[in-house]
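Shown here: coords39.pdb, PDB, C-alpha atoms.
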```pdb
ATOM      1  CA  MET A   1     114.933 119.869  79.611
ATOM      2  CA  GLN A   2     117.039 120.844  82.585
ATOM      3  CA  ALA A   3     114.466 123.534  83.332
ATOM      4  CA  LEU A   4     111.950 120.812  84.270
ATOM      5  CA  ASN A   5     114.451 118.748  86.219
ATOM      6  CA  ARG A   6     115.010 121.655  88.587
ATOM      7  CA  PHE A   7     111.536 120.989  89.987
ATOM      8  CA  SER A   8     111.737 117.224  90.179
ATOM      9  CA  ASP A   9     112.816 117.278  93.818
ATOM     10  CA  PRO A  10     109.896 119.377  95.144
ATOM     11  CA  VAL A  11     107.426 117.322  93.088
ATOM     12  CA  PHE A  12     108.976 114.154  94.470
ATOM     13  CA  GLY A  13     108.427 115.591  97.975
ATOM     14  CA  ILE A  14     104.738 116.223  97.253
ATOM     15  CA  LEU A  15     104.330 112.771  95.664
ATOM     16  CA  ARG A  16     105.909 111.188  98.757
ATOM     17  CA  LEU A  17     103.639 113.230 101.029
ATOM     18  CA  ILE A  18     100.401 112.378  99.216
ATOM     19  CA  ALA A  19     101.185 108.709  98.554
ATOM     20  CA  GLY A  20     102.374 108.269 102.156
ATOM     21  CA  LEU A  21      99.211 109.815 103.597
ATOM     22  CA  MET A  22      96.904 107.776 101.342
ATOM     23  CA  PHE A  23      98.855 104.670 102.301
ATOM     24  CA  ALA A  24      98.495 105.467 106.019
ATOM     25  CA  CYS A  25      94.714 105.732 105.494
ATOM     26  CA  TRP A  26      94.628 102.008 104.658
ATOM     27  CA  GLY A  27      96.239 101.171 107.973
ATOM     28  CA  ALA A  28      93.847 103.483 109.803
ATOM     29  CA  LYS A  29      90.925 101.770 108.073
ATOM     30  CA  LEU A  30      92.231  98.314 108.931
ATOM     31  CA  VAL A  31      93.368  98.782 112.526
ATOM     32  CA  LEU A  32      91.544 101.860 113.824
ATOM     33  CA  GLY A  33      88.254 101.466 111.947
ATOM     34  CA  MET A  34      88.392 104.911 110.369
ATOM     35  CA  PHE A  35      87.133 105.681 106.813
ATOM     36  CA  GLY A  36      84.351 103.124 106.895
ATOM     37  CA  GLY A  37      86.404 100.271 108.341
ATOM     38  CA  THR A  38      85.006  98.068 111.068
ATOM     39  CA  ALA A  39      88.067  97.366 113.279
ATOM     40  CA  THR A  40      86.878  93.852 114.064
ATOM     41  CA  PRO A  41      89.447  91.565 115.730
ATOM     42  CA  LEU A  42      92.057  90.768 113.118
ATOM     43  CA  LYS A  43      94.571  88.047 112.452
ATOM     44  CA  PRO A  44      98.018  88.973 113.856
ATOM     45  CA  MET A  45      99.454  89.318 110.366
ATOM     46  CA  LEU A  46      96.830  91.901 109.416
ATOM     47  CA  VAL A  47      97.483  93.858 112.616
ATOM     48  CA  VAL A  48     101.193  93.973 111.774
ATOM     49  CA  ALA A  49     100.397  95.015 108.189
ATOM     50  CA  GLY A  50      97.987  97.709 109.427
ATOM     51  CA  TRP A  51     100.546  99.250 111.760
ATOM     52  CA  ILE A  52     103.256  99.125 109.110
ATOM     53  CA  GLU A  53     100.829 101.015 106.850
ATOM     54  CA  ILE A  54     100.025 103.671 109.462
ATOM     55  CA  VAL A  55     103.515 104.259 110.856
ATOM     56  CA  GLY A  56     105.370 103.612 107.599
ATOM     57  CA  GLY A  57     102.971 105.747 105.579
ATOM     58  CA  LEU A  58     103.375 108.699 107.927
ATOM     59  CA  MET A  59     107.166 108.292 108.026
ATOM     60  CA  ILE A  60     107.287 108.295 104.217
ATOM     61  CA  ALA A  61     104.932 111.284 104.107
ATOM     62  CA  ILE A  62     107.115 113.491 106.318
ATOM     63  CA  GLY A  63     110.346 111.904 105.125
ATOM     64  CA  LEU A  64     111.590 110.496 108.438
ATOM     65  CA  LEU A  65     113.910 107.477 108.070
ATOM     66  CA  THR A  66     112.397 107.364 104.617
ATOM     67  CA  ARG A  67     114.367 104.497 103.117
ATOM     68  CA  LEU A  68     113.754 102.200 106.074
ATOM     69  CA  ALA A  69     110.012 102.937 106.165
ATOM     70  CA  ALA A  70     109.682 102.598 102.390
ATOM     71  CA  PHE A  71     111.459  99.232 102.505
ATOM     72  CA  PHE A  72     108.927  97.844 104.980
ATOM     73  CA  CYS A  73     105.934  99.334 103.174
ATOM     74  CA  SER A  74     107.076  98.022  99.814
ATOM     75  CA  GLY A  75     107.536  94.550 101.286
ATOM     76  CA  THR A  76     104.113  94.647 102.909
ATOM     77  CA  MET A  77     102.494  95.502  99.588
ATOM     78  CA  ALA A  78     104.345  92.734  97.775
ATOM     79  CA  VAL A  79     103.053  90.212 100.315
ATOM     80  CA  ALA A  80      99.549  91.676 100.092
ATOM     81  CA  TYR A  81      99.572  91.457  96.306
ATOM     82  CA  PHE A  82     100.685  87.846  96.110
ATOM     83  CA  LEU A  83      98.556  86.624  99.009
ATOM     84  CA  VAL A  84      95.322  88.481  98.304
ATOM     85  CA  HIS A  85      95.212  89.640  94.688
ATOM     86  CA  ALA A  86      97.435  87.464  92.501
ATOM     87  CA  PRO A  87      95.401  84.236  92.825
ATOM     88  CA  HIS A  88      92.409  85.869  91.116
ATOM     89  CA  SER A  89      93.897  86.847  87.777
ATOM     90  CA  PHE A  90      97.120  87.682  85.965
ATOM     91  CA  PHE A  91      96.126  91.293  85.288
ATOM     92  CA  PRO A  92      96.235  93.758  88.203
ATOM     93  CA  ILE A  93      93.284  95.639  86.687
ATOM     94  CA  ILE A  94      91.135  92.495  87.034
ATOM     95  CA  ASN A  95      92.392  91.140  90.364
ATOM     96  CA  LYS A  96      92.022  94.630  91.928
ATOM     97  CA  GLY A  97      95.644  94.646  93.009
ATOM     98  CA  GLU A  98      96.616  97.776  91.084
ATOM     99  CA  LEU A  99      97.087  99.952  94.138
ATOM    100  CA  ALA A 100      99.189  97.283  95.830
ATOM    101  CA  VAL A 101     101.434  97.069  92.757
ATOM    102  CA  PHE A 102     101.611 100.844  92.553
ATOM    103  CA  TYR A 103     102.600 101.321  96.196
ATOM    104  CA  CYS A 104     105.036  98.424  96.055
ATOM    105  CA  TRP A 105     106.994  99.895  93.137
ATOM    106  CA  LEU A 106     106.727 103.511  94.181
ATOM    107  CA  PHE A 107     108.079 102.734  97.650
ATOM    108  CA  LEU A 108     110.810 100.534  96.194
ATOM    109  CA  PHE A 109     111.831 103.521  94.112
ATOM    110  CA  VAL A 110     111.785 105.649  97.285
ATOM    111  CA  VAL A 111     114.146 103.130  98.953
ATOM    112  CA  PHE A 112     116.679 103.650  96.184
ATOM    113  CA  HIS A 113     116.068 107.320  95.453
ATOM    114  CA  GLY A 114     116.104 108.484  99.064
ATOM    115  CA  SER A 115     114.038 111.145 100.745
ATOM    116  CA  GLY A 116     115.032 114.114  98.627
ATOM    117  CA  ARG A 117     115.651 117.608  99.911
ATOM    118  CA  TRP A 118     112.120 118.294 101.151
ATOM    119  CA  SER A 119     112.069 115.919 104.118
ATOM    120  CA  VAL A 120     112.798 115.596 107.817
ATOM    121  CA  ASP A 121     115.783 113.410 106.923
ATOM    122  CA  ALA A 122     117.271 116.259 104.924
ATOM    123  CA  LEU A 123     116.702 118.671 107.819
ATOM    124  CA  ILE A 124     118.467 116.325 110.232
ATOM    125  CA  ARG A 125     121.354 115.818 107.814
ATOM    126  CA  ARG A 126     121.761 119.545 107.351
ATOM    127  CA  LYS A 127     121.815 120.140 111.119
ATOM    128  CA  ALA A 128     124.317 117.348 111.697
ATOM    129  CA  LYS A 129     126.568 118.766 109.021
ATOM    130  CA  SER A 130     126.508 122.283 110.470
ATOM    131  CA  GLN A 131     127.437 121.020 113.935
ATOM    132  CA  VAL A 132     130.470 119.080 112.783
TER     133      VAL A 132
ATOM    134  CA  MET B   1     123.486 105.740 101.292
ATOM    135  CA  ASN B   2     125.053 106.295  97.896
ATOM    136  CA  SER B   3     125.284 102.570  97.368
ATOM    137  CA  LEU B   4     121.479 102.523  97.188
ATOM    138  CA  SER B   5     121.163 105.679  95.079
ATOM    139  CA  ARG B   6     123.251 104.033  92.368
ATOM    140  CA  PHE B   7     120.270 101.825  91.589
ATOM    141  CA  ALA B   8     117.646 104.576  91.696
ATOM    142  CA  ASP B   9     117.595 104.915  87.920
ATOM    143  CA  PRO B  10     117.014 101.238  86.992
ATOM    144  CA  VAL B  11     114.340 100.922  89.686
ATOM    145  CA  PHE B  12     112.691 104.098  88.427
ATOM    146  CA  CYS B  13     112.538 102.640  84.942
ATOM    147  CA  ILE B  14     110.995  99.359  86.148
ATOM    148  CA  ALA B  15     108.424 101.326  88.159
ATOM    149  CA  ARG B  16     107.707 103.470  85.071
ATOM    150  CA  LEU B  17     107.301 100.347  82.947
ATOM    151  CA  ILE B  18     104.930  98.566  85.323
ATOM    152  CA  ILE B  19     102.848 101.585  86.278
ATOM    153  CA  GLY B  20     102.664 102.698  82.634
ATOM    154  CA  LEU B  21     101.420  99.268  81.527
ATOM    155  CA  MET B  22      98.830  99.144  84.330
ATOM    156  CA  TYR B  23      97.657 102.561  83.208
ATOM    157  CA  ALA B  24      97.460 101.471  79.563
ATOM    158  CA  CYS B  25      95.228  98.574  80.685
ATOM    159  CA  HIS B  26      92.530 101.097  81.601
ATOM    160  CA  GLY B  27      92.536 102.470  78.077
ATOM    161  CA  GLY B  28      92.769  98.943  76.681
ATOM    162  CA  GLN B  29      89.650  97.879  78.534
ATOM    163  CA  LYS B  30      87.729 100.811  77.075
ATOM    164  CA  ILE B  31      89.006 100.693  73.480
ATOM    165  CA  LEU B  32      90.071  97.104  72.801
ATOM    166  CA  GLY B  33      88.042  95.216  75.401
ATOM    167  CA  PHE B  34      91.333  93.810  76.697
ATOM    168  CA  PRO B  35      92.047  92.904  79.494
ATOM    169  CA  PRO B  36      88.503  91.506  79.749
ATOM    170  CA  GLY B  37      85.972  92.645  82.322
ATOM    171  CA  GLY B  38      85.766  96.366  81.543
ATOM    172  CA  HIS B  39      82.676  98.450  80.911
ATOM    173  CA  GLY B  40      83.496  99.343  77.322
ATOM    174  CA  MET B  41      83.840 102.812  75.887
ATOM    175  CA  PRO B  42      82.454 105.625  78.053
ATOM    176  CA  PRO B  43      79.973 107.915  76.271
ATOM    177  CA  GLY B  44      80.909 111.294  74.853
ATOM    178  CA  ALA B  45      84.005 112.805  73.279
ATOM    179  CA  MET B  46      85.696 113.368  76.615
ATOM    180  CA  GLY B  47      85.464 109.695  77.484
ATOM    181  CA  ALA B  48      86.981 108.712  74.133
ATOM    182  CA  ILE B  49      89.826 111.198  74.451
ATOM    183  CA  GLY B  50      90.501 109.973  77.970
ATOM    184  CA  ALA B  51      90.580 106.357  76.858
ATOM    185  CA  TRP B  52      93.088 107.108  74.081
ATOM    186  CA  ILE B  53      95.291 109.111  76.445
ATOM    187  CA  GLU B  54      95.299 106.137  78.790
ATOM    188  CA  LEU B  55      96.191 103.636  76.077
ATOM    189  CA  ALA B  56      98.758 105.694  74.147
ATOM    190  CA  GLY B  57     100.123 107.649  77.104
ATOM    191  CA  GLY B  58     100.478 104.490  79.165
ATOM    192  CA  PHE B  59     102.622 102.836  76.497
ATOM    193  CA  MET B  60     104.674 105.994  75.953
ATOM    194  CA  ILE B  61     105.444 106.129  79.661
ATOM    195  CA  ALA B  62     106.104 102.390  79.863
ATOM    196  CA  LEU B  63     108.555 102.376  76.946
ATOM    197  CA  GLY B  64     109.994 105.757  77.745
ATOM    198  CA  LEU B  65     109.104 107.220  74.338
ATOM    199  CA  LEU B  66     108.473 110.976  74.490
ATOM    200  CA  THR B  67     108.042 110.255  78.165
ATOM    201  CA  ARG B  68     107.514 113.758  79.434
ATOM    202  CA  LEU B  69     104.866 114.503  76.839
ATOM    203  CA  GLY B  70     102.961 111.297  77.600
ATOM    204  CA  ALA B  71     103.268 111.797  81.342
ATOM    205  CA  PHE B  72     102.002 115.378  81.073
ATOM    206  CA  PHE B  73      98.813 114.326  79.297
ATOM    207  CA  ALA B  74      98.317 111.294  81.521
ATOM    208  CA  ALA B  75      98.674 113.333  84.715
ATOM    209  CA  GLY B  76      96.265 115.957  83.404
ATOM    210  CA  GLU B  77      93.698 113.348  82.432
ATOM    211  CA  MET B  78      93.873 111.744  85.875
ATOM    212  CA  ALA B  79      93.380 115.129  87.524
ATOM    213  CA  VAL B  80      90.249 115.681  85.405
ATOM    214  CA  ALA B  81      89.015 112.165  86.168
ATOM    215  CA  TYR B  82      89.508 112.705  89.889
ATOM    216  CA  PHE B  83      87.677 116.005  90.058
ATOM    217  CA  THR B  84      84.837 115.132  87.686
ATOM    218  CA  VAL B  85      84.179 111.557  88.863
ATOM    219  CA  HIS B  86      85.596 110.929  92.328
ATOM    220  CA  ALA B  87      85.825 114.203  94.257
ATOM    221  CA  LYS B  88      82.043 114.353  94.657
ATOM    222  CA  GLY B  89      82.071 111.114  96.679
ATOM    223  CA  GLY B  90      83.883 112.497  99.719
ATOM    224  CA  PHE B  91      87.034 114.327 100.796
ATOM    225  CA  PHE B  92      89.242 111.276 101.376
ATOM    226  CA  PRO B  93      90.485 109.371  98.316
ATOM    227  CA  ILE B  94      90.148 106.107 100.235
ATOM    228  CA  VAL B  95      86.421 106.834 100.638
ATOM    229  CA  ASN B  96      85.606 108.254  97.191
ATOM    230  CA  HIS B  97      87.508 105.451  95.352
ATOM    231  CA  GLY B  98      89.730 108.005  93.632
ATOM    232  CA  GLU B  99      92.944 106.775  95.213
ATOM    233  CA  LEU B 100      94.269 105.205  92.027
ATOM    234  CA  ALA B 101      93.549 108.388  90.086
ATOM    235  CA  VAL B 102      95.435 110.464  92.666
ATOM    236  CA  ALA B 103      98.326 107.994  92.679
ATOM    237  CA  PHE B 104      98.630 107.959  88.866
ATOM    238  CA  CYS B 105      98.255 111.732  88.673
ATOM    239  CA  TRP B 106     101.089 112.511  91.070
ATOM    240  CA  PHE B 107     103.364 109.751  89.858
ATOM    241  CA  PHE B 108     103.058 110.921  86.243
ATOM    242  CA  LEU B 109     103.590 114.528  87.296
ATOM    243  CA  PHE B 110     106.804 113.373  88.939
ATOM    244  CA  VAL B 111     107.768 111.534  85.731
ATOM    245  CA  PHE B 112     107.100 114.756  83.803
ATOM    246  CA  PHE B 113     109.653 116.601  85.929
ATOM    247  CA  TYR B 114     112.115 113.764  86.538
ATOM    248  CA  GLY B 115     112.357 112.657  82.915
ATOM    249  CA  PRO B 116     112.571 109.200  81.338
ATOM    250  CA  GLY B 117     115.790 108.047  82.994
ATOM    251  CA  ARG B 118     118.599 106.138  81.314
ATOM    252  CA  TRP B 119     116.667 102.937  80.603
ATOM    253  CA  SER B 120     114.238 104.314  78.035
ATOM    254  CA  LEU B 121     113.716 104.735  74.302
ATOM    255  CA  ASP B 122     114.218 108.475  74.752
ATOM    256  CA  ALA B 123     117.684 107.843  76.139
ATOM    257  CA  LEU B 124     118.466 105.535  73.197
ATOM    258  CA  LEU B 125     117.046 107.777  70.464
ATOM    259  CA  PHE B 126     118.247 111.135  71.717
ATOM    260  CA  LYS B 127     121.618 109.988  73.013
ATOM    261  CA  ARG B 128     123.497 112.298  70.723
ATOM    262  CA  ALA B 129     121.423 115.364  71.447
ATOM    263  CA  SER B 130     122.472 115.528  75.067
ATOM    264  CA  SER B 131     124.645 113.418  77.283
ATOM    265  CA  GLY B 132     122.787 113.989  80.523
ATOM    266  CA  PRO B 133     120.681 111.259  82.105
ATOM    267  CA  ALA B 134     117.423 113.165  81.658
ATOM    268  CA  MET B 135     116.292 114.067  78.184
ATOM    269  CA  ALA B 136     113.257 114.769  76.029
TER     270      ALA B 136
END
```

Please lay out the structure from this file as structure tokens.
Amino acid sequence: MQALNRFSDPVFGILRLIAGLMFACWGAKLVLGMFGGTATPLKPMLVVAGWIEIVGGLMIAIGLLTRLAAFFCSGTMAVAYFLVHAPHSFFPIINKGELAVFYCWLFLFVVFHGSGRWSVDALIRRKAKSQV
Amino acid sequence: MNSLSRFADPVFCIARLIIGLMYACHGGQKILGFPPGGHGMPPGAMGAIGAWIELAGGFMIALGLLTRLGAFFAAGEMAVAYFTVHAKGGFFPIVNHGELAVAFCWFFLFVFFYGPGRWSLDALLFKRASSGPAMA
């Protein structure tokens, strides 16, 4: 199945882009009041979470300092899951925490997998290598 | 950063396990009524096929059994679900409530191309067929 594996890196780039952008939307809804949010005054912790979602989501999407951004985003989602969703039920499908679980694990995988070849990180690395 | 990349494969397999099981829960709610709180079986043949893909495909992805095959069907089903159910509700997934469908769809498409990884039934069963980390 090596023929499929050849395309795993581009698909990973698209997955990172789409998941990062959707993740940033949550921050924009929370902090900026876009997408039907209200942007009422928030607790400091929610403001921090919202900005991590916006900035981190965009950094993951374009692949800039990907591992660092993914680490913060994954942590944010873990906190969100256990604070908001977990008390309601054991099953994510019932406590409505599925997306939080999904983002948490996907971004943890991004921390360990790295940005891949289709990313700003890879561009910077390539440039640095050619200058040395 | 190679010290982190060493653990990419185990983390991938845990992510596959958890996301696969969450996905199977959607089929379980429709077919088995478990976990509780679902709406039951959707009407029509397409709904039934979708529910079985969710249940069986979710477990195949979770266990890593014929992973690419399961992931291919699961990703396709989520694409259909997104465009038939959610896309009408608005352009942004966060608005049309199709975010989970998009997330599953792209993650499973990635699994289809990436393969099951070393921590999977595929890797156990087909060890002799190929020695590479990505098989079946």

Do you know which residues the PyMOL selection byres ((chain B) within 9 of (chain A)) returns on this file, as JSON, numbers by chain?
{"B": [1, 2, 3, 4, 5, 6, 7, 8, 9, 11, 12, 14, 15, 16, 18, 19, 22, 23, 25, 26, 35, 36, 37, 38, 92, 93, 94, 95, 99, 100, 102, 103, 104, 106, 107, 109, 110, 111, 112, 113, 114, 115, 134, 135, 136]}

Check what the PyMOL selection byres ((chain A and resi 72) around 12) selects in the file above and give those residues as a PDB file with C-alpha atoms, keeping the file's coordinate frame.
```pdb
ATOM      1  CA  VAL A  48     101.193  93.973 111.774  1.00  0.00           C
ATOM      2  CA  ALA A  49     100.397  95.015 108.189  1.00  0.00           C
ATOM      3  CA  GLY A  50      97.987  97.709 109.427  1.00  0.00           C
ATOM      4  CA  TRP A  51     100.546  99.250 111.760  1.00  0.00           C
ATOM      5  CA  ILE A  52     103.256  99.125 109.110  1.00  0.00           C
ATOM      6  CA  GLU A  53     100.829 101.015 106.850  1.00  0.00           C
ATOM      7  CA  ILE A  54     100.025 103.671 109.462  1.00  0.00           C
ATOM      8  CA  VAL A  55     103.515 104.259 110.856  1.00  0.00           C
ATOM      9  CA  GLY A  56     105.370 103.612 107.599  1.00  0.00           C
ATOM     10  CA  GLY A  57     102.971 105.747 105.579  1.00  0.00           C
ATOM     11  CA  MET A  59     107.166 108.292 108.026  1.00  0.00           C
ATOM     12  CA  ILE A  60     107.287 108.295 104.217  1.00  0.00           C
ATOM     13  CA  LEU A  65     113.910 107.477 108.070  1.00  0.00           C
ATOM     14  CA  THR A  66     112.397 107.364 104.617  1.00  0.00           C
ATOM     15  CA  ARG A  67     114.367 104.497 103.117  1.00  0.00           C
ATOM     16  CA  LEU A  68     113.754 102.200 106.074  1.00  0.00           C
ATOM     17  CA  ALA A  69     110.012 102.937 106.165  1.00  0.00           C
ATOM     18  CA  ALA A  70     109.682 102.598 102.390  1.00  0.00           C
ATOM     19  CA  PHE A  71     111.459  99.232 102.505  1.00  0.00           C
ATOM     20  CA  CYS A  73     105.934  99.334 103.174  1.00  0.00           C
ATOM     21  CA  SER A  74     107.076  98.022  99.814  1.00  0.00           C
ATOM     22  CA  GLY A  75     107.536  94.550 101.286  1.00  0.00           C
ATOM     23  CA  THR A  76     104.113  94.647 102.909  1.00  0.00           C
ATOM     24  CA  MET A  77     102.494  95.502  99.588  1.00  0.00           C
ATOM     25  CA  ALA A  78     104.345  92.734  97.775  1.00  0.00           C
ATOM     26  CA  VAL A  79     103.053  90.212 100.315  1.00  0.00           C
ATOM     27  CA  TYR A 103     102.600 101.321  96.196  1.00  0.00           C
ATOM     28  CA  CYS A 104     105.036  98.424  96.055  1.00  0.00           C
ATOM     29  CA  PHE A 107     108.079 102.734  97.650  1.00  0.00           C
ATOM     30  CA  LEU A 108     110.810 100.534  96.194  1.00  0.00           C
ATOM     31  CA  VAL A 110     111.785 105.649  97.285  1.00  0.00           C
ATOM     32  CA  VAL A 111     114.146 103.130  98.953  1.00  0.00           C
TER      33      VAL A 111
END
```

How many Å separate atom CA of B:Ala81 from atom CA of B:Phe108?
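Atom-to-atom, atom CA of B:Ala81 and atom CA of B:Phe108 are spaced 14.1 Å apart.
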
Quick one: 6 Å padding each side, axis-aligned, all listed atoms of stretch 4-18 of chain A - centre and edge lengths in Å to one decimal, as AutoDock Vina command-line options?
```
--center_x 107.7 --center_y 116.4 --center_z 92.6 --size_x 26.6 --size_y 22.5 --size_z 28.8
```

Can you pull out the residues contacting A:Leu123? Cut-off 10 Å, using all atoms listed in the file, and skip same-chain residues under 6 positions away; I want them as a PyMOL selection string.
chain A and resi 63-64+117+129

Do you know which residues the PyMOL selection byres ((chain B and resi 53) around 9) returns on this file, as a PyMOL selection string?
chain B and resi 24+27+48-52+54-58+70+73-74+77

Output file for the residues above (C-alpha atoms, as a PDB file, in the frame of the given file):
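The result, stored in result-v8.pdb:
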```
ATOM      1  CA  ALA B  24      97.460 101.471  79.563  1.00  0.00           C
ATOM      2  CA  GLY B  27      92.536 102.470  78.077  1.00  0.00           C
ATOM      3  CA  ALA B  48      86.981 108.712  74.133  1.00  0.00           C
ATOM      4  CA  ILE B  49      89.826 111.198  74.451  1.00  0.00           C
ATOM      5  CA  GLY B  50      90.501 109.973  77.970  1.00  0.00           C
ATOM      6  CA  ALA B  51      90.580 106.357  76.858  1.00  0.00           C
ATOM      7  CA  TRP B  52      93.088 107.108  74.081  1.00  0.00           C
ATOM      8  CA  GLU B  54      95.299 106.137  78.790  1.00  0.00           C
ATOM      9  CA  LEU B  55      96.191 103.636  76.077  1.00  0.00           C
ATOM     10  CA  ALA B  56      98.758 105.694  74.147  1.00  0.00           C
ATOM     11  CA  GLY B  57     100.123 107.649  77.104  1.00  0.00           C
ATOM     12  CA  GLY B  58     100.478 104.490  79.165  1.00  0.00           C
ATOM     13  CA  GLY B  70     102.961 111.297  77.600  1.00  0.00           C
ATOM     14  CA  PHE B  73      98.813 114.326  79.297  1.00  0.00           C
ATOM     15  CA  ALA B  74      98.317 111.294  81.521  1.00  0.00           C
ATOM     16  CA  GLU B  77      93.698 113.348  82.432  1.00  0.00           C
TER      17      GLU B  77
END
```

To one decimal place in Å, what is the distance between atom CA of A:Lys96 and atom CA of B:Leu65?
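Between these atoms lies a distance of 27.6 Å.
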
Using all atoms listed in the file, determine which residues lie at most 12 Å from B:Phe83, disregarding the query and same-chain residues fewer than 4 positions distant; provide the list as JSON, numbers by chain.
{"B": [76, 77, 78, 79, 87, 88, 89, 90, 91, 93, 96, 97, 98, 99, 101, 102, 105]}

Grab the atom CA of A:Leu46 to atom CA of A:Val31 distance for me, in Å with one decimal place.
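For atom CA of A:Leu46 relative to atom CA of A:Val31, the distance reads 8.3 Å.
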